[in-house]
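Engineer: Once you've had a glance at the structure underneath, I'll fire off some questions.
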Amino acid sequence: MTPVPRLPDLIHADDRPVPPRLGDGADWVLGRCWLWCANRYTWVLWLGPASTTGHHASLYACESCVDRLHHTIIDYSEAMADAPTDATGIRVPLYLSPKDPPRPGSLFYRQARHRRPRTVLGRLWHRLITGRDAPPSR
């Protein structure tokens, strides 16, 4: 018989270890991380609401996953700052909707001046914005 996972024991709150980044103003709670660390039970931070079709929940992540997400956001921001432009000079987004019109003509790639990407996804974006991986044609 497999043991049933226990909910956080709030009776002995004074015996718990100190949460990460104490003093950052964030409300860390004990629970399971929803992101990359295989759902370990640790101190987690509420990131906000998450939703899918007809369902919603609160999204929580541990300190290492919050750091990874933070670096991915920085990589995305830097990639968008150096995104290629189309023939009209408009930046081409990294994500396109099927409803978006086809790109007019060829793309003009700039020399990326930002730091080396910090994450796997950041490296993929970097290859796209430098022209080393051409986006799928329509």
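Following the order of the structure tokens, first chain is A, next is B, and so on, with residues numbered from 1 inside each chain and ligands from 1 in the order they appear.
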Residues of range 44-101 of chain A in helix (DSSP H, G or I) according to DSSP, as a VMD selection string?
Structural biologist: chain A and resid 63 to 81
Engineer: Just the residues within 8 Å of Gly122 in chain A, please, counting only C-alpha atoms, with nothing from its chain fewer than 3 positions along; format it as a compact mmCIF listing (two decimals) with C-alpha atoms, in the first residue's frame.
Structural biologist:
# COMPACT_ATOMS: atom_id res chain seq x y z
CA THR A 72 13.93 32.74 -19.56
CA ASP A 75 16.27 35.89 -22.68
CA TYR A 76 12.90 36.54 -24.34
CA ALA A 79 15.62 38.34 -28.15
CA PRO A 117 21.43 33.35 -23.58
CA ARG A 118 20.97 31.89 -20.11
CA THR A 119 18.48 29.11 -20.92
CA TRP A 125 15.41 32.22 -29.71
CA HIS A 126 18.96 33.49 -30.26
Engineer: Hey, can you check how far CA of Leu107 in chain A sits from CA of Asp86 in chain A?
Structural biologist: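 So the two atoms, CA of Leu107 in chain A and CA of Asp86 in chain A, lie 4.7 Å apart.
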Engineer: Given the choices A:Trp36, A:Arg115, A:Phe108, A:Ala50, which gets closest to Arg91 in chain A if the distance is worked out from only C-alpha atoms?
Structural biologist: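 Closest candidate: A:Phe108.
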Engineer: Name all residues at most 9 Å from Ser58 in chain A (count only C-alpha atoms; drop same-chain ones fewer than 5 positions away) and give them as a PyMOL selection string.
Structural biologist: chain A and resi 46-51
Engineer: Selection from above, C-alpha atoms, as a PDB file, in the first residue's frame, can you write it?
Structural biologist:
ATOM      1  CA  TRP A  46       2.651  31.924  -5.918  1.00  0.00           C
ATOM      2  CA  LEU A  47       3.291  33.155  -9.476  1.00  0.00           C
ATOM      3  CA  GLY A  48      -0.283  33.950 -10.364  1.00  0.00           C
ATOM      4  CA  PRO A  49      -3.350  32.336 -11.846  1.00  0.00           C
ATOM      5  CA  ALA A  50      -3.006  29.752 -14.605  1.00  0.00           C
ATOM      6  CA  SER A  51      -5.837  28.637 -16.851  1.00  0.00           C
TER       7      SER A  51
END
Engineer: Identify, with DSSP run on backbone atoms, the residues in range 35-111 of chain A assigned to strand (DSSP E), and express the list as number ranges by chain.
Structural biologist: A: 41-52, 55-62
Engineer: Could you take the residues named above and write them with N, CA and C atoms, as a compact mmCIF listing (two decimals), in the first residue's frame?
Structural biologist:
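File produced: part-v7.txt:
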# COMPACT_ATOMS: atom_id res chain seq x y z
N TYR A 41 8.45 18.75 -2.90
CA TYR A 41 7.77 19.44 -1.81
C TYR A 41 8.79 20.36 -1.15
N THR A 42 8.57 21.66 -1.20
CA THR A 42 9.53 22.63 -0.70
C THR A 42 8.83 23.98 -0.51
N TRP A 43 9.61 25.01 -0.27
CA TRP A 43 9.06 26.36 -0.23
C TRP A 43 8.75 26.79 -1.66
N VAL A 44 7.54 27.27 -1.88
CA VAL A 44 7.12 27.71 -3.21
C VAL A 44 6.53 29.11 -3.13
N LEU A 45 6.55 29.77 -4.27
CA LEU A 45 6.03 31.13 -4.38
C LEU A 45 4.86 31.12 -5.35
N TRP A 46 3.80 31.81 -5.02
CA TRP A 46 2.65 31.92 -5.92
C TRP A 46 3.04 32.85 -7.05
N LEU A 47 2.94 32.36 -8.31
CA LEU A 47 3.29 33.15 -9.48
C LEU A 47 2.10 33.84 -10.09
N GLY A 48 0.91 33.35 -9.81
CA GLY A 48 -0.28 33.95 -10.36
C GLY A 48 -1.26 32.87 -10.82
N PRO A 49 -2.37 33.32 -11.38
CA PRO A 49 -3.35 32.34 -11.85
C PRO A 49 -2.92 31.72 -13.18
N ALA A 50 -3.24 30.46 -13.34
CA ALA A 50 -3.01 29.75 -14.61
C ALA A 50 -4.35 29.20 -15.06
N SER A 51 -4.56 29.15 -16.37
CA SER A 51 -5.84 28.64 -16.85
C SER A 51 -5.67 27.86 -18.14
N THR A 52 -6.55 26.91 -18.32
CA THR A 52 -6.70 26.18 -19.57
C THR A 52 -8.18 26.26 -19.91
N HIS A 55 -10.76 25.56 -17.02
CA HIS A 55 -10.17 25.25 -15.71
C HIS A 55 -9.18 26.33 -15.33
N HIS A 56 -9.04 26.55 -14.02
CA HIS A 56 -8.05 27.51 -13.54
C HIS A 56 -7.51 27.05 -12.21
N ALA A 57 -6.30 27.51 -11.89
CA ALA A 57 -5.64 27.14 -10.64
C ALA A 57 -4.59 28.19 -10.31
N SER A 58 -4.08 28.11 -9.11
CA SER A 58 -2.97 28.97 -8.69
C SER A 58 -1.68 28.26 -9.05
N LEU A 59 -0.73 28.99 -9.64
CA LEU A 59 0.54 28.42 -10.08
C LEU A 59 1.62 28.72 -9.04
N TYR A 60 2.31 27.68 -8.57
CA TYR A 60 3.36 27.82 -7.56
C TYR A 60 4.67 27.27 -8.11
N ALA A 61 5.80 27.89 -7.71
CA ALA A 61 7.12 27.41 -8.15
C ALA A 61 8.13 27.59 -7.02
N CYS A 62 9.10 26.68 -6.99
CA CYS A 62 10.17 26.75 -5.98
C CYS A 62 11.21 27.80 -6.40
Engineer: Could you check which of A:Ile74, A:Glu63, A:Thr53, A:Thr88 is closest to Val29 in chain A, using only C-alpha atoms?
Structural biologist: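 Of A:Ile74, A:Glu63, A:Thr53, A:Thr88, the one nearest Val29 in chain A, counting only C-alpha atoms, is A:Glu63.
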Engineer: Hey, can you check how far CA of Ala38 in chain A sits from CA of Cys65 in chain A?
Structural biologist: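 About the pair CA of Ala38 in chain A and CA of Cys65 in chain A: they are 10.3 Å apart.
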Engineer: What gap, in Å, lies between CA of Thr130 in chain A and CA of His71 in chain A?
Structural biologist: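 Distance reported for this atom pair: 19.5 Å.
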